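Asker: upload.cif is reproduced in full below (mmCIF, C-alpha atoms).
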```cif
data_query
loop_
_atom_site.label_atom_id
_atom_site.label_comp_id
_atom_site.auth_asym_id
_atom_site.auth_seq_id
_atom_site.Cartn_x
_atom_site.Cartn_y
_atom_site.Cartn_z
CA MET T 1 30.13 29.13 54.16
CA ALA T 2 28.95 29.81 57.71
CA ILE T 3 26.33 27.77 59.51
CA ARG T 4 23.30 29.98 60.15
CA ILE T 5 22.17 29.90 63.78
CA ASP T 6 18.41 29.38 63.74
CA GLY T 7 17.08 31.61 66.51
CA LYS T 8 13.45 30.93 65.59
CA ALA T 9 13.78 27.17 66.07
CA LEU T 10 15.70 27.54 69.34
CA ALA T 11 13.16 30.07 70.64
CA ALA T 12 10.30 27.70 69.83
CA ARG T 13 11.97 25.01 71.95
CA VAL T 14 12.48 27.40 74.88
CA LYS T 15 8.87 28.58 74.73
CA GLU T 16 7.54 25.03 74.58
CA GLN T 17 9.54 24.18 77.70
CA VAL T 18 8.19 27.30 79.43
CA ARG T 19 4.63 26.38 78.45
CA ALA T 20 5.00 22.86 79.85
CA GLU T 21 6.51 24.04 83.14
CA ALA T 22 4.06 26.93 83.55
CA ALA T 23 1.16 24.49 83.25
CA GLU T 24 2.41 22.70 86.39
CA LEU T 25 2.22 25.78 88.61
CA PRO T 26 -0.77 26.40 90.93
CA ARG T 27 -1.76 29.44 88.85
CA LYS T 28 -0.76 30.97 85.54
CA PRO T 29 2.33 33.19 85.62
CA GLY T 30 1.44 36.83 85.01
CA LEU T 31 3.22 39.62 83.11
CA ALA T 32 2.17 43.27 83.33
CA VAL T 33 3.30 45.28 80.30
CA ILE T 34 3.22 49.08 80.48
CA LEU T 35 3.21 51.09 77.25
CA VAL T 36 3.23 54.88 77.52
CA GLY T 37 2.41 56.79 74.35
CA GLU T 38 2.11 55.79 70.69
CA ASN T 39 5.66 54.82 69.66
CA PRO T 40 5.05 52.51 66.64
CA ALA T 41 8.06 50.28 67.30
CA SER T 42 7.12 49.92 70.96
CA LYS T 43 3.58 48.92 69.96
CA VAL T 44 4.98 46.15 67.76
CA TYR T 45 7.22 44.89 70.58
CA VAL T 46 4.37 44.92 73.10
CA ASN T 47 2.03 43.06 70.72
CA GLY T 48 4.76 40.48 70.18
CA LYS T 49 5.17 39.96 73.92
CA GLU T 50 1.43 39.52 74.38
CA LYS T 51 1.47 36.86 71.64
CA ASP T 52 4.42 35.09 73.29
CA CYS T 53 2.59 35.08 76.64
CA ALA T 54 -0.45 33.47 75.06
CA GLU T 55 1.72 30.76 73.47
CA CYS T 56 3.47 30.03 76.79
CA GLY T 57 0.41 29.92 79.04
CA ILE T 58 1.28 33.22 80.70
CA GLU T 59 -1.40 35.74 81.67
CA SER T 60 -0.80 39.14 80.11
CA PHE T 61 -1.94 42.34 81.84
CA PRO T 62 -1.51 45.23 79.36
CA HIS T 63 -1.51 48.83 80.60
CA LYS T 64 -1.58 51.28 77.69
CA LEU T 65 -1.24 54.84 78.96
CA PRO T 66 -1.46 58.18 77.13
CA ALA T 67 1.77 60.00 76.27
CA GLU T 68 0.93 62.80 78.73
CA THR T 69 0.90 60.40 81.71
CA THR T 70 2.71 61.98 84.67
CA GLN T 71 5.68 60.51 86.48
CA GLU T 72 3.66 60.11 89.68
CA ALA T 73 0.80 58.35 87.88
CA LEU T 74 3.22 55.91 86.29
CA LEU T 75 4.99 55.23 89.59
CA GLU T 76 1.62 54.74 91.30
CA LEU T 77 0.71 52.09 88.73
CA ILE T 78 4.04 50.33 89.30
CA ARG T 79 3.48 50.36 93.07
CA ALA T 80 0.08 48.74 92.54
CA LEU T 81 1.58 46.08 90.25
CA ASN T 82 4.37 45.42 92.75
CA ALA T 83 1.69 44.55 95.31
CA ASP T 84 -0.50 42.49 92.95
CA PRO T 85 -0.03 38.75 93.65
CA ALA T 86 -1.27 37.84 90.15
CA VAL T 87 1.63 39.76 88.58
CA ASP T 88 4.98 37.95 88.54
CA GLY T 89 6.79 40.25 86.13
CA ILE T 90 6.57 43.94 85.27
CA LEU T 91 7.87 45.31 82.01
CA CYS T 92 7.78 49.01 81.15
CA GLN T 93 8.45 49.43 77.45
CA LEU T 94 11.30 51.82 76.64
CA PRO T 95 11.88 54.45 75.44
CA LEU T 96 9.48 56.52 77.51
CA PRO T 97 8.25 60.02 76.52
CA GLU T 98 10.91 62.63 77.27
CA HIS T 99 9.21 64.10 80.34
CA LEU T 100 9.40 60.76 82.19
CA ASP T 101 12.43 59.51 84.15
CA GLY T 102 13.22 56.02 82.90
CA ASP T 103 15.77 55.30 85.65
CA ALA T 104 13.22 56.14 88.35
CA VAL T 105 10.72 53.82 86.70
CA ILE T 106 13.21 50.93 86.53
CA ASN T 107 14.20 51.47 90.16
CA ALA T 108 10.55 51.47 91.25
CA ILE T 109 9.95 47.91 90.03
CA VAL T 110 10.65 45.42 92.84
CA PRO T 111 13.68 43.28 91.89
CA ASP T 112 11.80 39.97 92.04
CA LYS T 113 9.41 41.25 89.32
CA ASP T 114 12.13 42.91 87.20
CA VAL T 115 12.04 40.28 84.45
CA ASP T 116 14.06 42.51 82.09
CA CYS T 117 16.95 42.48 84.60
CA PHE T 118 17.37 46.27 84.46
CA HIS T 119 17.14 47.00 88.21
CA PRO T 120 20.52 47.81 89.85
CA PHE T 121 19.96 45.00 92.37
CA ASN T 122 19.62 42.40 89.61
CA VAL T 123 22.48 43.87 87.57
CA GLY T 124 24.68 43.70 90.67
CA ARG T 125 23.72 40.10 91.40
CA MET T 126 24.45 39.16 87.79
CA SER T 127 27.85 40.86 87.91
CA ILE T 128 29.01 38.62 90.76
CA GLY T 129 27.58 35.46 89.22
CA GLN T 130 24.55 35.20 91.50
CA PRO T 131 21.72 36.26 89.18
CA VAL T 132 18.06 36.43 90.04
CA PHE T 133 17.29 36.87 86.34
CA LEU T 134 19.52 37.20 83.30
CA PRO T 135 19.03 40.05 80.80
CA CYS T 136 17.09 38.59 77.91
CA THR T 137 19.25 39.45 74.90
CA PRO T 138 22.66 38.48 76.34
CA ALA T 139 21.13 35.35 77.89
CA GLY T 140 19.65 34.49 74.50
CA VAL T 141 23.07 34.80 72.88
CA MET T 142 24.62 32.49 75.47
CA GLU T 143 21.80 29.98 74.90
CA MET T 144 22.53 30.02 71.17
CA LEU T 145 26.23 29.37 71.73
CA ARG T 146 25.43 26.42 74.00
CA ALA T 147 22.84 24.99 71.59
CA TYR T 148 25.38 24.93 68.74
CA ASP T 149 28.20 23.60 70.96
CA ILE T 150 30.27 26.73 70.40
CA PRO T 151 32.85 26.92 73.20
CA VAL T 152 33.55 30.22 74.95
CA ARG T 153 36.24 29.12 77.42
CA GLY T 154 39.64 30.49 76.48
CA ARG T 155 38.40 32.16 73.30
CA ARG T 156 38.83 35.79 72.36
CA CYS T 157 35.46 37.56 72.44
CA VAL T 158 34.81 41.08 71.19
CA VAL T 159 31.60 42.93 72.04
CA LEU T 160 30.72 45.96 69.92
CA GLY T 161 28.61 48.30 72.05
CA ARG T 162 28.58 49.16 75.76
CA SER T 163 24.89 49.71 76.50
CA ASN T 164 23.47 48.73 79.88
CA ILE T 165 20.91 46.51 78.13
CA VAL T 166 23.20 44.49 75.84
CA GLY T 167 26.88 45.39 75.66
CA LYS T 168 27.87 45.46 79.33
CA PRO T 169 25.88 42.39 80.46
CA MET T 170 27.00 40.50 77.34
CA ALA T 171 30.62 41.10 78.32
CA MET T 172 29.87 39.92 81.88
CA LEU T 173 28.26 36.65 80.76
CA LEU T 174 31.06 35.88 78.29
CA THR T 175 33.63 36.57 81.01
CA GLN T 176 31.78 34.30 83.44
CA ALA T 177 31.93 31.59 80.76
CA ASP T 178 35.75 31.99 80.78
CA GLY T 179 35.99 33.98 77.56
CA THR T 180 38.67 36.66 77.19
CA VAL T 181 36.54 39.72 76.47
CA THR T 182 37.20 43.10 74.89
CA VAL T 183 34.42 45.72 74.79
CA CYS T 184 34.60 48.24 71.94
CA HIS T 185 32.56 51.37 71.34
CA SER T 186 32.40 54.59 69.32
CA ARG T 187 35.63 55.91 70.84
CA THR T 188 37.68 52.76 70.28
CA GLU T 189 40.78 53.33 68.13
CA GLY T 190 41.93 50.71 65.66
CA LEU T 191 38.57 48.95 65.82
CA ALA T 192 39.03 46.63 62.82
CA GLU T 193 42.37 45.43 64.15
CA ILE T 194 40.67 44.42 67.41
CA THR T 195 37.63 42.76 65.82
CA ARG T 196 39.88 40.69 63.52
CA GLN T 197 41.27 38.99 66.63
CA ALA T 198 37.82 37.83 67.77
CA ASP T 199 36.91 34.15 67.78
CA ILE T 200 33.42 35.31 68.84
CA LEU T 201 32.23 38.72 67.66
CA VAL T 202 28.99 40.14 69.10
CA SER T 203 27.73 43.35 67.51
CA ALA T 204 25.18 45.62 69.19
CA ILE T 205 26.03 48.96 67.59
CA GLY T 206 22.79 49.77 65.75
CA LYS T 207 24.33 50.76 62.39
CA THR T 208 23.44 49.00 59.15
CA ASP T 209 26.36 47.15 57.49
CA PHE T 210 28.76 48.44 60.16
CA VAL T 211 30.61 45.12 60.41
CA THR T 212 32.34 44.41 57.09
CA ALA T 213 34.21 41.32 55.93
CA GLY T 214 37.50 43.11 56.55
CA MET T 215 36.65 43.35 60.27
CA VAL T 216 36.09 39.61 60.71
CA LYS T 217 38.60 36.84 61.34
CA GLU T 218 38.40 33.77 59.12
CA GLY T 219 36.25 31.17 60.92
CA ALA T 220 34.88 33.57 63.55
CA VAL T 221 31.46 33.18 65.17
CA VAL T 222 29.46 36.33 64.35
CA ILE T 223 26.44 37.24 66.49
CA ASP T 224 24.39 40.17 65.20
CA VAL T 225 22.20 41.63 67.97
CA ALA T 226 21.07 44.78 66.16
CA MET T 227 17.68 45.44 64.57
CA ASN T 228 18.02 48.21 61.98
CA ARG T 229 16.20 49.34 58.85
CA ASN T 230 18.19 49.88 55.67
CA ALA T 231 17.50 52.53 53.02
CA GLU T 232 14.82 50.29 51.45
CA GLY T 233 13.12 49.81 54.82
CA ARG T 234 14.20 46.17 55.10
CA LEU T 235 14.98 44.80 58.56
CA CYS T 236 18.70 44.10 58.97
CA GLY T 237 21.45 44.05 61.57
CA ASP T 238 24.92 45.57 61.99
CA VAL T 239 26.64 42.93 59.88
CA ASP T 240 27.07 43.06 56.10
CA PHE T 241 25.60 39.56 56.00
CA ALA T 242 26.31 38.69 52.35
CA ALA T 243 29.97 39.68 52.66
CA VAL T 244 30.62 38.22 56.12
CA GLU T 245 28.75 34.89 55.83
CA PRO T 246 31.36 33.19 53.58
CA LYS T 247 34.11 34.12 56.05
CA ALA T 248 32.45 33.13 59.34
CA SER T 249 32.01 29.65 60.82
CA TYR T 250 28.64 30.50 62.43
CA ILE T 251 26.46 33.57 61.95
CA THR T 252 23.06 34.81 63.09
CA PRO T 253 20.67 36.18 60.47
CA VAL T 254 18.50 39.27 60.96
CA PRO T 255 15.62 38.70 61.27
CA GLY T 256 15.38 35.19 62.71
CA GLY T 257 18.46 35.18 64.89
CA VAL T 258 18.86 36.86 68.26
CA GLY T 259 15.46 38.60 68.24
CA PRO T 260 13.29 35.51 68.78
CA MET T 261 15.65 34.30 71.52
CA THR T 262 15.33 37.61 73.38
CA ARG T 263 11.57 37.19 73.52
CA ALA T 264 11.82 33.52 74.52
CA LEU T 265 14.22 34.26 77.38
CA LEU T 266 11.79 36.89 78.68
CA MET T 267 9.19 34.13 78.94
CA ARG T 268 11.69 32.01 80.87
CA ASN T 269 12.36 34.89 83.27
CA ILE T 270 8.62 35.26 83.92
CA LEU T 271 8.42 31.54 84.68
CA THR T 272 11.37 31.86 87.08
CA ALA T 273 9.64 34.76 88.86
CA ALA T 274 6.34 32.89 89.05
CA ARG T 275 7.99 29.80 90.47
CA SER T 276 9.67 31.87 93.21
CA HIS T 277 6.34 33.52 94.08
CA GLN T 278 4.26 30.32 94.08
CA LEU T 279 6.44 27.50 95.39
#
```
Do you think you could lay out the structure here as structure tokens?
Answerer:
Amino acid sequence: MAIRIDGKALAARVKEQVRAEAAELPRKPGLAVILVGENPASKVYVNGKEKDCAECGIESFPHKLPAETTQEALLELIRALNADPAVDGILCQLPLPEHLDGDAVINAIVPDKDVDCFHPFNVGRMSIGQPVFLPCTPAGVMEMLRAYDIPVRGRRCVVLGRSNIVGKPMAMLLTQADGTVTVCHSRTEGLAEITRQADILVSAIGKTDFVTAGMVKEGAVVIDVAMNRNAEGRLCGDVDFAAVEPKASYITPVPGGVGPMTRALLMRNILTAARSHQL
């Protein structure tokens, strides 16, 4: 039976460290969170980030805008936040309403306040091993592997998903840790044959029960990044947990696995930004 990786406990440790270090700065770190429209899931995420900020001694500056907000109005707000010395990080909750250009919004945030690590400058720095910030979800996964003394060097790693937010940066970080990485996606042929070779399997597909026991090597480490809802409305990941857990050596549950670590690593990024602005 696999050891369950406790993301909640690890995240609590990271946030406590952030809180202690933030208290030593000349002023509180500050995060501006922009929410455009009434997307229910986005509201939940934003509320969670505000709670995390309060726990970590970080000032939260919420900006909740109507769905009809124009591109220019949104960019004007970002320009003002870029210039605000009390704001160390800027986060614009995605997805945005369809009439807004998400890429233009990401590019408008100055790189030293891009605590999500979405800006091309920060992605480029990360890709050559000189990061300003690390993207929160992949960095959270790497933190979990380190915390449980799971080696990456020399091991076969398979990443399911090639998104700019998770899949691609996850592959970069595993490669930089000397893993041998294969990235799979919806067009990959012979997918199960590839995943069965993985010593470390990271799934970020977004499909309930996509990863079955037949796709997993005996003793593999299985990291489930996805947050889905099944037919009963229960929160779950990509992995058929009940079937895969007996076969894996380590596995992340959903909820309680990668999700809390993503939020904790965001707090660490804000602290990093604040330290660079204040010291």
Asker: Taking all atoms of region 68-81 of chain T that the file lists and extending 5 Å past them on each side, where is the centre of the axis-aligned box and how long are its edges? Answer in Å to one decimal, as JSON.
Answerer:
```
{"center_x": 2.9, "center_y": 54.4, "center_z": 85.9, "size_x": 15.6, "size_y": 26.7, "size_z": 24.3}
```
Asker: Would you kindly return, as JSON, numbers by chain, each protein, DNA or RNA residue with an atom no farther than 7 Å from any atom of region 115-127 of chain T, considering only C-alpha atoms and excluding same-chain residues fewer than 6 positions away?
Answerer: {"T": [89, 90, 91, 106, 107, 133, 134, 135, 136, 172, 266, 269, 270]}
Asker: Which residues come within 9 Å of Ala139 (chain T), counting all atoms listed in the file, excluding same-chain residues fewer than 4 positions away, as JSON, numbers by chain?
Answerer: {"T": [134, 135, 143, 144, 169, 170, 173, 261, 262, 265]}
Asker: Could you check the closest approach to Cys53 (chain T) for each of T:Arg234, T:Pro26, T:Gly259, T:Ala264 and tell me which residue wins, using all atoms listed in the file?
Answerer: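 Counting all atoms listed in the file, the residue closest to Cys53 (chain T) is T:Ala264.
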Asker: What is the CA of Leu100 (chain T)-CA of Val44 (chain T) distance in Å, reported with one decimal?
Answerer: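 It comes out at 21.0 Å.
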Asker: How many Å separate CA of Arg187 (chain T) from CA of Pro151 (chain T)?
Answerer: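 About the pair CA of Arg187 (chain T) and CA of Pro151 (chain T): they are 29.2 Å apart.
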Asker: Generate N, CA, C and O atoms for region 166-181 of chain T and emit them as a short mmCIF file (atom, residue, chain, number, x, y, z; two decimals), in the frame of the given file.
Answerer:
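Listing of part34.cif after writing:
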```
data_model
loop_
_atom_site.label_atom_id
_atom_site.label_comp_id
_atom_site.auth_asym_id
_atom_site.auth_seq_id
_atom_site.Cartn_x
_atom_site.Cartn_y
_atom_site.Cartn_z
N VAL T 166 22.57 45.58 76.59
CA VAL T 166 23.20 44.49 75.84
C VAL T 166 24.71 44.42 76.06
O VAL T 166 25.23 43.41 76.55
N GLY T 167 25.42 45.47 75.71
CA GLY T 167 26.88 45.39 75.66
C GLY T 167 27.54 45.01 76.98
O GLY T 167 28.33 44.05 77.04
N LYS T 168 27.22 45.73 78.05
CA LYS T 168 27.87 45.46 79.33
C LYS T 168 27.49 44.08 79.89
O LYS T 168 28.38 43.31 80.28
N PRO T 169 26.19 43.73 79.96
CA PRO T 169 25.88 42.39 80.46
C PRO T 169 26.39 41.27 79.56
O PRO T 169 26.76 40.20 80.03
N MET T 170 26.45 41.50 78.25
CA MET T 170 27.00 40.50 77.34
C MET T 170 28.45 40.20 77.69
O MET T 170 28.88 39.05 77.74
N ALA T 171 29.21 41.27 77.95
CA ALA T 171 30.62 41.10 78.32
C ALA T 171 30.74 40.33 79.64
O ALA T 171 31.62 39.48 79.80
N MET T 172 29.84 40.62 80.59
CA MET T 172 29.87 39.92 81.88
C MET T 172 29.62 38.42 81.70
O MET T 172 30.34 37.59 82.27
N LEU T 173 28.61 38.06 80.92
CA LEU T 173 28.26 36.65 80.76
C LEU T 173 29.35 35.90 80.00
O LEU T 173 29.66 34.74 80.33
N LEU T 174 29.95 36.53 79.01
CA LEU T 174 31.06 35.88 78.29
C LEU T 174 32.27 35.70 79.21
O LEU T 174 32.94 34.66 79.16
N THR T 175 32.52 36.68 80.05
CA THR T 175 33.63 36.57 81.01
C THR T 175 33.38 35.44 82.00
O THR T 175 34.27 34.65 82.31
N GLN T 176 32.13 35.36 82.49
CA GLN T 176 31.78 34.30 83.44
C GLN T 176 31.87 32.91 82.81
O GLN T 176 32.02 31.90 83.51
N ALA T 177 31.77 32.85 81.47
CA ALA T 177 31.93 31.59 80.76
C ALA T 177 33.39 31.35 80.36
O ALA T 177 33.68 30.47 79.55
N ASP T 178 34.30 32.14 80.96
CA ASP T 178 35.75 31.99 80.78
C ASP T 178 36.25 32.46 79.41
O ASP T 178 37.31 32.02 78.95
N GLY T 179 35.47 33.35 78.75
CA GLY T 179 35.99 33.98 77.56
C GLY T 179 36.91 35.14 77.93
O GLY T 179 36.84 35.68 79.03
N THR T 180 37.80 35.49 77.01
CA THR T 180 38.67 36.66 77.19
C THR T 180 38.04 37.79 76.39
O THR T 180 38.02 37.75 75.15
N VAL T 181 37.49 38.79 77.09
CA VAL T 181 36.54 39.72 76.47
C VAL T 181 37.12 41.12 76.32
O VAL T 181 37.71 41.67 77.26
#
```
